[in-house]
$ cat entry.txt   # compact mmCIF, C-alpha atoms
# COMPACT_ATOMS: atom_id res chain seq x y z
CA MET A 22 -26.90 47.01 -0.69
CA LEU A 23 -28.44 49.46 1.80
CA THR A 24 -25.19 49.53 3.77
CA ALA A 25 -23.23 50.26 0.62
CA THR A 26 -25.60 53.11 -0.26
CA VAL A 27 -25.35 54.69 3.19
CA THR A 28 -21.59 54.42 3.56
CA ALA A 29 -21.11 55.94 0.12
CA TRP A 30 -22.53 59.22 1.53
CA LEU A 31 -20.48 59.20 4.72
CA PRO A 32 -17.54 61.60 4.91
CA GLU A 33 -14.21 59.95 4.14
CA THR A 34 -13.06 60.12 7.77
CA THR A 35 -16.16 58.42 9.22
CA ARG A 36 -16.43 55.52 6.80
CA PRO A 37 -15.73 52.16 8.46
CA GLU A 38 -12.52 50.48 7.38
CA PRO A 39 -13.22 47.49 5.14
CA ALA A 40 -12.91 44.43 7.36
CA GLU A 41 -9.78 42.34 6.88
CA PRO A 42 -10.77 38.88 5.73
CA SER A 43 -10.09 36.26 8.37
CA PRO A 44 -7.24 33.84 7.60
CA ALA A 45 -9.81 31.14 6.90
CA ASP A 46 -11.72 33.41 4.50
CA ALA A 47 -8.49 34.41 2.78
CA ASP A 48 -7.56 30.73 2.42
CA ARG A 49 -10.94 29.96 0.96
CA GLY A 50 -10.63 32.65 -1.69
CA LEU A 51 -7.10 31.57 -2.56
CA ALA A 52 -8.14 27.93 -2.71
CA ARG A 53 -11.00 28.72 -5.08
CA ALA A 54 -8.61 30.58 -7.36
CA ALA A 55 -5.99 27.84 -7.16
CA ALA A 56 -8.63 25.24 -7.99
CA THR A 57 -9.05 26.94 -11.36
CA GLY A 58 -5.31 26.70 -12.07
CA ASP A 59 -4.13 30.01 -10.57
CA LEU A 60 -0.53 29.16 -9.66
CA GLY A 61 0.02 32.56 -8.01
CA ALA A 62 -2.83 31.92 -5.59
CA PHE A 63 -1.41 28.48 -4.86
CA GLU A 64 2.01 29.95 -4.15
CA THR A 65 0.40 32.24 -1.58
CA LEU A 66 -1.27 29.23 0.01
CA TYR A 67 2.08 27.46 0.02
CA ARG A 68 3.76 30.44 1.74
CA ARG A 69 0.99 30.60 4.34
CA HIS A 70 0.98 26.89 5.17
CA ALA A 71 4.44 25.49 4.37
CA GLY A 72 5.58 25.82 8.00
CA ARG A 73 2.65 23.94 9.40
CA VAL A 74 2.75 21.22 6.74
CA HIS A 75 6.49 20.74 7.04
CA GLY A 76 6.23 20.82 10.83
CA VAL A 77 3.80 17.93 11.16
CA ILE A 78 5.58 15.89 8.49
CA ALA A 79 8.96 16.44 10.17
CA ARG A 80 7.54 15.23 13.48
CA LEU A 81 6.05 12.14 11.83
CA VAL A 82 9.21 11.15 9.94
CA GLY A 83 11.49 11.80 12.89
CA TYR A 84 12.92 15.16 11.80
CA HIS A 85 14.58 13.63 8.78
CA GLY A 86 15.23 16.85 6.88
CA ALA A 87 15.44 15.74 3.25
CA ARG A 88 12.58 13.28 3.58
CA ALA A 89 10.38 15.87 5.30
CA GLU A 90 11.08 18.33 2.49
CA ASP A 91 10.26 15.76 -0.19
CA LEU A 92 7.02 14.84 1.54
CA THR A 93 6.13 18.51 1.99
CA GLN A 94 6.47 18.94 -1.76
CA ASP A 95 4.43 15.79 -2.35
CA THR A 96 1.69 17.13 -0.09
CA PHE A 97 1.41 20.37 -2.03
CA VAL A 98 1.43 18.49 -5.34
CA ARG A 99 -1.43 16.32 -4.08
CA ALA A 100 -3.25 19.42 -2.85
CA TRP A 101 -2.83 21.06 -6.26
CA GLN A 102 -4.25 17.98 -7.95
CA ALA A 103 -7.14 17.57 -5.54
CA LEU A 104 -8.18 21.22 -5.12
CA PRO A 105 -10.80 21.16 -7.90
CA GLN A 106 -12.58 18.45 -5.91
CA TYR A 107 -12.16 20.11 -2.50
CA ARG A 108 -15.68 20.81 -1.20
CA PHE A 109 -14.81 23.42 1.48
CA GLU A 110 -16.54 21.28 4.09
CA SER A 111 -13.63 21.89 6.46
CA ALA A 112 -11.19 24.78 6.75
CA PHE A 113 -8.51 24.67 4.07
CA GLY A 114 -5.81 24.46 6.76
CA THR A 115 -7.48 21.43 8.32
CA TRP A 116 -7.87 19.74 4.94
CA LEU A 117 -4.24 20.40 4.07
CA HIS A 118 -3.05 19.20 7.49
CA ARG A 119 -4.91 15.92 6.97
CA LEU A 120 -3.38 15.59 3.53
CA ALA A 121 0.09 16.15 5.00
CA VAL A 122 -0.44 13.51 7.67
CA ASN A 123 -1.82 11.11 5.07
CA THR A 124 1.17 11.69 2.79
CA ALA A 125 3.64 11.04 5.62
CA LEU A 126 1.80 7.90 6.73
CA MET A 127 1.66 6.55 3.18
CA ASP A 128 5.41 6.96 3.04
CA LEU A 129 5.68 5.19 6.37
CA ARG A 130 3.63 2.27 5.05
CA ALA A 131 5.64 2.17 1.82
CA SER A 132 8.86 2.16 3.85
CA ARG A 133 7.58 -0.82 5.78
CA SER A 134 6.93 -2.68 2.54
CA ARG A 135 10.44 -2.11 1.21
CA PRO A 136 12.27 -4.66 3.31
CA VAL A 137 10.65 -8.05 3.41
CA PHE A 138 11.07 -8.18 7.17
CA ASP A 139 10.19 -5.79 9.99
CA ALA A 140 13.52 -6.09 11.75
CA ASP A 141 14.18 -2.36 11.40
CA GLU A 142 11.40 -1.53 13.89
CA ASP A 143 12.93 -3.67 16.60
CA ALA A 144 16.40 -2.41 15.84
CA LEU A 145 15.20 1.15 16.22
CA ALA A 146 13.56 0.33 19.53
CA ASP A 147 16.97 -0.36 21.03
CA ILE A 148 18.50 2.97 20.10
CA GLY A 149 19.14 5.04 23.18
CA ALA A 150 18.05 2.32 25.55
CA THR A 151 19.39 2.21 29.07
CA ASP A 152 23.03 1.16 29.16
CA SER A 153 24.51 -1.64 31.20
CA ALA A 154 25.33 0.71 34.07
CA GLY A 155 21.67 1.56 34.40
CA HIS A 156 22.01 5.11 33.13
CA GLY A 157 19.88 6.45 30.34
CA THR A 158 22.22 6.90 27.39
CA ALA A 159 19.96 9.52 25.91
CA LEU A 160 19.79 11.91 28.84
CA GLY A 161 21.38 14.54 26.69
CA LEU A 162 18.88 14.17 23.89
CA ASP A 163 16.20 16.76 23.74
CA LEU A 164 12.61 15.74 23.28
CA GLU A 165 12.58 16.10 19.49
CA ARG A 166 15.60 13.88 19.11
CA ALA A 167 14.15 11.34 21.50
CA VAL A 168 10.90 11.25 19.51
CA ALA A 169 12.93 10.83 16.33
CA THR A 170 14.54 7.66 17.69
CA LEU A 171 11.21 5.91 18.26
CA PRO A 172 10.18 3.07 15.94
CA PRO A 173 8.17 4.56 13.05
CA ARG A 174 4.74 3.22 13.92
CA ALA A 175 5.04 4.01 17.63
CA ARG A 176 6.30 7.49 16.75
CA ALA A 177 3.39 8.09 14.38
CA VAL A 178 0.84 7.14 17.04
CA LEU A 179 2.57 9.23 19.72
CA VAL A 180 2.85 12.30 17.47
CA LEU A 181 -0.74 12.06 16.29
CA TYR A 182 -2.14 11.49 19.80
CA ASP A 183 0.08 13.49 22.13
CA VAL A 184 1.22 16.26 19.82
CA GLU A 185 -1.52 16.66 17.21
CA GLY A 186 -4.45 15.79 19.47
CA TRP A 187 -6.02 13.05 17.36
CA LYS A 188 -8.23 10.36 18.86
CA HIS A 189 -7.28 6.69 18.82
CA GLU A 190 -10.17 5.93 16.48
CA GLU A 191 -8.86 8.44 13.93
CA ILE A 192 -5.29 7.18 14.26
CA ALA A 193 -6.37 3.56 13.91
CA ALA A 194 -8.34 4.36 10.75
CA GLU A 195 -5.49 6.31 9.20
CA LEU A 196 -2.84 3.72 10.05
CA GLY A 197 -5.02 0.74 9.21
CA MET A 198 -4.73 -0.79 12.66
CA ALA A 199 -7.10 -1.71 15.48
CA VAL A 200 -7.91 0.89 18.14
CA GLY A 201 -6.34 -1.39 20.71
CA SER A 202 -3.12 -1.50 18.68
CA SER A 203 -3.04 2.30 18.61
CA LYS A 204 -3.34 2.40 22.39
CA ALA A 205 -0.65 -0.26 22.76
CA GLN A 206 1.70 1.62 20.44
CA LEU A 207 1.13 4.82 22.43
CA HIS A 208 1.91 3.05 25.68
CA ARG A 209 5.04 1.59 24.12
CA ALA A 210 6.15 4.94 22.71
CA ARG A 211 5.69 6.76 26.01
CA GLY A 212 7.59 4.05 27.83
CA LEU A 213 10.47 4.25 25.37
CA LEU A 214 10.51 8.03 25.61
CA ARG A 215 10.58 8.01 29.40
CA ALA A 216 13.41 5.51 29.31
CA ARG A 217 15.37 7.79 27.00
CA LEU A 218 14.62 10.98 28.88
CA GLY A 219 15.62 10.09 32.40
CA ASP A 220 14.35 13.31 33.93
CA PHE A 221 10.76 12.44 33.01
CA ALA A 222 10.91 9.07 34.69
CA MET B 14 -1.16 30.11 12.82
CA ASN B 15 -4.71 28.98 13.20
CA HIS B 16 -4.85 25.32 14.06
CA ASP B 17 -8.56 25.21 13.29
CA ASP B 18 -10.66 22.47 14.76
CA LEU B 19 -7.84 20.22 15.90
CA HIS B 20 -7.52 20.47 19.63
CA HIS B 21 -6.36 18.59 22.64
CA ASP B 22 -8.94 16.89 24.77
CA ASP B 23 -7.76 16.62 28.35
CA SER B 24 -10.47 14.13 29.22
CA ARG B 25 -8.90 11.43 27.06
CA ASP B 26 -7.73 8.09 28.32
CA ASP B 27 -4.47 9.36 29.76
CA SER B 28 -3.03 8.06 32.98
CA ARG B 29 -2.80 10.27 36.07
CA ASP B 30 0.86 9.46 36.56
CA PRO B 31 2.66 12.83 37.17
CA ALA B 32 5.63 11.73 35.06
CA ASP B 33 3.24 10.88 32.23
CA ALA B 34 1.54 14.24 32.61
CA ARG B 35 4.87 16.10 32.44
CA LEU B 36 5.81 14.15 29.35
CA ARG B 37 2.49 14.88 27.64
CA LEU B 38 2.80 18.56 28.47
CA ALA B 39 6.28 18.65 26.97
CA LEU B 40 5.04 16.83 23.88
CA ARG B 41 2.33 19.40 23.31
CA GLY B 42 5.09 21.95 23.05
CA LEU B 43 6.39 20.19 19.96
CA ARG B 44 3.32 21.24 18.03
CA ARG B 45 4.71 24.23 16.25
CA ASP B 46 5.23 25.36 12.73
CA ALA B 47 8.62 24.48 11.28
CA PRO B 48 9.29 26.03 7.89
CA PRO B 49 11.58 24.02 5.61
CA ALA B 50 15.24 24.97 5.85
CA ARG B 51 15.17 26.09 2.22
CA ASP B 52 12.58 27.53 -0.12
CA LEU B 53 10.84 24.58 -1.77
CA TRP B 54 8.68 26.71 -4.01
CA PRO B 55 10.94 26.86 -7.12
CA GLU B 56 11.14 23.05 -7.30
CA LEU B 57 7.49 22.74 -6.40
CA ALA B 58 6.46 25.19 -9.12
CA THR B 59 8.41 23.14 -11.66
CA ARG B 60 6.60 19.99 -10.56
CA LEU B 61 3.22 21.70 -10.60
CA ALA B 62 3.82 22.93 -14.12
CA ARG B 63 3.98 19.28 -15.18
CA THR B 64 1.03 18.23 -13.01
CA SER B 65 -2.53 18.47 -14.17
CA GLN B 66 -5.34 19.10 -11.75
CA HIS B 67 -8.10 16.56 -11.41
CA ALA B 68 -11.11 17.48 -13.51
CA THR B 69 -13.87 19.22 -11.60
CA ALA B 70 -16.50 17.24 -13.45
CA PRO B 71 -17.15 13.98 -11.65
CA ALA B 72 -15.61 11.67 -14.20
CA ARG B 73 -16.23 8.78 -11.85
CA PRO B 74 -19.27 9.94 -9.92
CA ARG B 75 -19.60 8.65 -6.40
CA VAL B 76 -17.81 5.35 -6.81
CA TRP B 77 -16.61 5.75 -3.23
CA VAL B 78 -19.05 3.49 -1.45
CA PRO B 79 -19.24 0.74 -4.10
CA ALA B 80 -15.45 0.77 -4.49
CA LEU B 81 -14.92 0.59 -0.76
CA ALA B 82 -17.39 -2.24 -0.42
CA LEU B 83 -15.82 -4.05 -3.34
CA ALA B 84 -12.31 -3.61 -1.98
CA ALA B 85 -13.40 -4.84 1.43
CA SER B 86 -15.05 -7.91 -0.09
CA LEU B 87 -12.01 -8.61 -2.25
CA LEU B 88 -9.67 -8.33 0.72
CA LEU B 89 -11.92 -10.70 2.57
CA ALA B 90 -11.90 -13.04 -0.41
CA VAL B 91 -8.12 -13.21 -0.48
CA GLY B 92 -8.03 -13.97 3.24
CA LEU B 93 -10.86 -16.49 3.09
CA ALA B 94 -9.59 -18.23 -0.02
CA TRP B 95 -6.38 -18.87 1.83
CA GLN B 96 -7.96 -19.91 5.09
CA LEU B 97 -10.56 -22.15 3.43
CA ARG B 98 -8.02 -23.76 1.16
CA PRO B 99 -8.78 -27.43 0.46
CA ALA B 100 -7.07 -29.86 2.74
CA VAL B 101 -4.10 -31.59 1.19
CA ALA B 102 -2.30 -34.61 2.49
CA PRO B 103 0.17 -33.26 5.07
CA ASP B 104 3.00 -35.48 3.88
CA ASP B 105 4.55 -32.76 1.72
CA PRO B 106 4.32 -29.41 3.53
CA ALA B 107 6.64 -27.66 1.07
CA ARG B 108 4.42 -28.59 -1.85
CA LEU B 109 1.36 -27.54 0.13
CA ILE B 110 2.83 -24.10 0.80
CA GLN B 111 3.70 -23.69 -2.86
CA ARG B 112 0.15 -24.56 -3.90
CA GLU B 113 -1.28 -22.18 -1.32
CA ALA B 114 0.97 -19.39 -2.59
CA GLN B 115 -0.11 -20.04 -6.17
CA ALA B 116 -3.80 -20.11 -5.22
CA MET B 117 -3.44 -16.92 -3.19
CA THR B 118 -1.68 -15.20 -6.09
CA ARG B 119 -4.49 -16.21 -8.46
CA GLU B 120 -7.10 -14.86 -6.04
CA TYR B 121 -5.14 -11.66 -5.60
CA ARG B 122 -4.76 -11.07 -9.33
CA ALA B 123 -8.46 -11.65 -9.92
CA ALA B 124 -9.31 -9.25 -7.07
CA LEU B 125 -6.93 -6.60 -8.41
CA TYR B 126 -8.42 -6.93 -11.88
CA GLU B 127 -11.94 -6.47 -10.53
CA LEU B 128 -10.91 -3.49 -8.44
CA GLU B 129 -9.16 -1.71 -11.30
CA ARG B 130 -12.02 -2.45 -13.64
CA SER B 131 -14.70 -1.02 -11.34
CA ALA B 132 -12.72 2.04 -10.22
CA PRO B 133 -9.83 2.70 -12.59
CA PRO B 134 -6.97 4.41 -10.74
CA PRO B 135 -5.42 7.54 -12.28
CA ALA B 136 -2.48 6.89 -14.60
CA ALA B 137 -0.12 8.67 -12.21
CA SER B 138 -0.97 8.96 -8.56
CA PRO B 139 1.08 9.97 -5.51
CA VAL B 140 0.80 6.38 -4.34
CA THR B 141 2.14 4.93 -7.59
CA PRO B 142 5.69 4.54 -6.23
CA ALA B 143 4.30 2.75 -3.18
CA LEU B 144 2.29 0.43 -5.44
CA HIS B 145 5.45 -0.42 -7.35
CA GLU B 146 7.29 -1.06 -4.09
CA LEU B 147 4.55 -3.45 -2.98
CA ASP B 148 4.73 -5.25 -6.33
CA ARG B 149 8.48 -5.60 -5.91
CA SER B 150 8.04 -6.86 -2.35
CA ALA B 151 5.49 -9.45 -3.49
CA ALA B 152 7.86 -10.60 -6.23
CA GLN B 153 10.70 -10.86 -3.70
CA ILE B 154 8.55 -12.93 -1.37
CA ARG B 155 7.46 -15.26 -4.18
CA THR B 156 11.12 -15.70 -5.15
CA ALA B 157 12.03 -16.39 -1.51
CA LEU B 158 9.22 -18.96 -1.35
CA GLY B 159 10.62 -20.64 -4.44
CA ARG B 160 13.99 -20.94 -2.73
CA ASP B 161 12.62 -21.90 0.67
CA PRO B 162 9.29 -23.66 0.12
CA ASP B 163 9.03 -24.66 3.79
CA ALA B 164 8.85 -21.08 4.99
CA ARG B 165 5.22 -20.74 6.03
CA PHE B 166 5.81 -17.28 7.50
CA LEU B 167 6.52 -16.05 3.96
CA LEU B 168 3.03 -17.13 2.99
CA GLU B 169 1.55 -14.88 5.66
CA ARG B 170 3.89 -12.09 4.54
CA LEU B 171 2.65 -12.55 0.97
CA ARG B 172 -0.97 -12.37 2.09
CA LYS B 173 -0.33 -9.11 3.98
CA THR B 174 1.47 -7.60 0.99
CA TYR B 175 -1.38 -8.49 -1.36
CA ALA B 176 -3.89 -7.04 1.11
CA GLN B 177 -1.85 -3.81 1.36
CA ARG B 178 -1.62 -3.60 -2.42
CA LEU B 179 -5.39 -3.95 -2.82
CA ALA B 180 -6.07 -1.38 -0.11
CA LEU B 181 -3.63 1.10 -1.63
CA THR B 182 -5.03 0.55 -5.13
CA GLN B 183 -8.47 1.31 -3.83
CA ARG B 184 -7.13 4.44 -2.10
CA ALA B 185 -5.44 5.58 -5.32
CA SER B 186 -8.69 5.30 -7.22
CA LEU B 187 -10.34 7.64 -4.72
CA THR B 188 -7.75 10.40 -4.67

$ encode --input "entry.txt" --output "structure tokens"
Amino acid sequence: MLTATVTAWLPETTRPEPAEPSPADADRGLARAAATGDLGAFETLYRRHAGRVHGVIARLVGYHGARAEDLTQDTFVRAWQALPQYRFESAFGTWLHRLAVNTALMDLRASRSRPVFDADEDALADIGATDSAGHGTALGLDLERAVATLPPRARAVLVLYDVEGWKHEEIAAELGMAVGSSKAQLHRARGLLRARLGDFA
Amino acid sequence: MNHDDLHHDDSRDDSRDPADARLRLALRGLRRDAPPARDLWPELATRLARTSQHATAPARPRVWVPALALAASLLLAVGLAWQLRPAVAPDDPARLIQREAQAMTREYRAALYELERSAPPPAASPVTPALHELDRSAAQIRTALGRDPDARFLLERLRKTYAQRLALTQRASLT
């Protein structure tokens, strides 16, 4: 109040510029508006965060374009639904990132339930394996493509641990597996990656 | 883009193998924003127009802990009911497997009923398609068991599917 009174008397040229809200503050304001049904505010949030949301989902689903786009939409639909109950206990970006990961992992679990058997995981593990002459057949693959060829669960653990910086305890809780299984999947994923990217071996 | 409180912790349980270190360093580089190839907003806006937001008022106040505890106990019940099944003469393993499948299905349905009664899931949830997939999988497994009643591995598959279905139902009721 006092500050407002003083600055009102300052000459135009000496008044301090109003501070730009930080990205987190801007998100918070937009999220509050969106939580009351303001679709315009939600579109702004979408524009600000679509790249990050789509990025993490694409990594988790192996850069499968159409699926990543569908899951990105699903994430924002879930965010729209859940915003009125969002308590602002974490930054909006962090909350949305978690929601994106959760959406991708739910799809991963649902995909696993579609076939009665898990044969697809083992089949995927053989893609890009060393050929009979002992040469890596995937030397030409870049890292993204190599990650995309990993079996889904191993890829999810590797992406969450090595790319996103999660802890094994968090990964295990999210994927519904034991901490030891998360570590084993990470070891497996790194081994498969090294085998496919000969120059890292 | 601010990546907030997510960060890499170099003190984690990573090996000191130089090849591993190079690989991890390269993997960190993958963490970047990747906008969709096309603008998803028009489709998204259409979907949102048909989607209602969850009420702010706590329609189901703080059912989280009781629901979680209930779901955990129900999951345990399905597992225990199967493991503590009464011993049956081992002269007809196919019949035994069929009876175990039927008993497990009864336990599962009772558990699902209790779960949905204590924490009703929303009519439409993002996990609804996955719930339907699990129901279809369970039906497929029961059909496969009918055709091949000796297949004990299908029994374990059925138990896992029921457990997944209960866990996902509980998750849906919390979202």

$ residues_around --input "entry.txt" --residues "Thr118 in chain B" --least-positions-apart "4" --cutoff "12 Å" --atoms "only C-alpha atoms" --output "PyMOL selection string"
chain B and resi 90-92+94-95+111-114+122-125+148+151-152+154-155+168+171-176

$ write_last_selection --input "entry.txt" --atoms "C-alpha atoms" --output "mmCIF file, keeping the file's coordinate frame"
data_model
loop_
_atom_site.group_PDB
_atom_site.id
_atom_site.type_symbol
_atom_site.label_atom_id
_atom_site.label_comp_id
_atom_site.auth_asym_id
_atom_site.auth_seq_id
_atom_site.Cartn_x
_atom_site.Cartn_y
_atom_site.Cartn_z
ATOM 1 C CA ALA B 90 -11.900 -13.040 -0.410
ATOM 2 C CA VAL B 91 -8.120 -13.210 -0.480
ATOM 3 C CA GLY B 92 -8.030 -13.970 3.240
ATOM 4 C CA ALA B 94 -9.590 -18.230 -0.020
ATOM 5 C CA TRP B 95 -6.380 -18.870 1.830
ATOM 6 C CA GLN B 111 3.700 -23.690 -2.860
ATOM 7 C CA ARG B 112 0.150 -24.560 -3.900
ATOM 8 C CA GLU B 113 -1.280 -22.180 -1.320
ATOM 9 C CA ALA B 114 0.970 -19.390 -2.590
ATOM 10 C CA ARG B 122 -4.760 -11.070 -9.330
ATOM 11 C CA ALA B 123 -8.460 -11.650 -9.920
ATOM 12 C CA ALA B 124 -9.310 -9.250 -7.070
ATOM 13 C CA LEU B 125 -6.930 -6.600 -8.410
ATOM 14 C CA ASP B 148 4.730 -5.250 -6.330
ATOM 15 C CA ALA B 151 5.490 -9.450 -3.490
ATOM 16 C CA ALA B 152 7.860 -10.600 -6.230
ATOM 17 C CA ILE B 154 8.550 -12.930 -1.370
ATOM 18 C CA ARG B 155 7.460 -15.260 -4.180
ATOM 19 C CA LEU B 168 3.030 -17.130 2.990
ATOM 20 C CA LEU B 171 2.650 -12.550 0.970
ATOM 21 C CA ARG B 172 -0.970 -12.370 2.090
ATOM 22 C CA LYS B 173 -0.330 -9.110 3.980
ATOM 23 C CA THR B 174 1.470 -7.600 0.990
ATOM 24 C CA TYR B 175 -1.380 -8.490 -1.360
ATOM 25 C CA ALA B 176 -3.890 -7.040 1.110
#

$ closest_atom_pairs --input "entry.txt" --of "chain A" --to "chain B" --cutoff "7 Å" --atoms "all atoms listed in the file" --output "CSV"
residue,atom,partner,partner_atom,distance
A:Ala71,CA,B:Pro48,CA,6.0
A:Gly72,CA,B:Pro48,CA,3.7
A:Arg73,CA,B:Asp46,CA,4.4
A:His75,CA,B:Ala47,CA,6.0
A:Gly76,CA,B:Ala47,CA,4.4
A:Glu90,CA,B:Pro49,CA,6.5
A:Gln94,CA,B:Leu57,CA,6.1
A:Val98,CA,B:Leu61,CA,6.4
A:Arg99,CA,B:Pro139,CA,7.0
A:Trp101,CA,B:Gln66,CA,6.3
A:Gln102,CA,B:Gln66,CA,4.1
A:Ala103,CA,B:His67,CA,6.0
A:Pro105,CA,B:Thr69,CA,5.2
A:Gln106,CA,B:Thr69,CA,5.9
A:Thr115,CA,B:Asp17,CA,6.3
A:Ala131,CA,B:Ala143,CA,5.2
A:Ser134,CA,B:Leu147,CA,6.1
A:Arg135,CA,B:Glu146,CA,6.3
A:Val137,CA,B:Ser150,CA,6.4
A:Asp183,CA,B:Arg37,CA,6.2
A:Val184,CA,B:Arg41,CA,4.8
A:Glu185,CA,B:Arg44,CA,6.7
A:Gly186,CA,B:His21,CA,4.6
A:Phe221,CA,B:Ala32,CA,5.6
A:Ala222,CA,B:Ala32,CA,5.9

$ atom_distance --input "entry.txt" --atom1 "CA of Val180 in chain A" --atom2 "CA of Ala216 in chain A"
17.3 Å

$ atom_distance --input "entry.txt" --atom1 "CA of Arg176 in chain A" --atom2 "CA of Gln206 in chain A"
8.3 Å

$ atom_distance --input "entry.txt" --atom1 "CA of Pro172 in chain A" --atom2 "CA of Ile78 in chain A"
15.5 Å

$ residues_around --input "entry.txt" --residues "Ala89 in chain A" --least-positions-apart "3" --cutoff "10 Å" --atoms "all atoms listed in the file" --output "JSON, numbers by chain"
{"A": [74, 75, 76, 77, 78, 79, 80, 81, 82, 83, 84, 85, 86, 92, 93, 94, 95, 125], "B": [49]}

$ closest_residue --input "entry.txt" --among "B:Ala164, B:Thr156, B:Tyr126, B:Arg119" --to "Leu179 in chain B" --atoms "only C-alpha atoms"
B:Tyr126

$ closest_residue --input "entry.txt" --among "A:Leu181, A:Ala169, A:Val200, A:Ala100" --to "Gly114 in chain A" --atoms "only C-alpha atoms"
A:Ala100
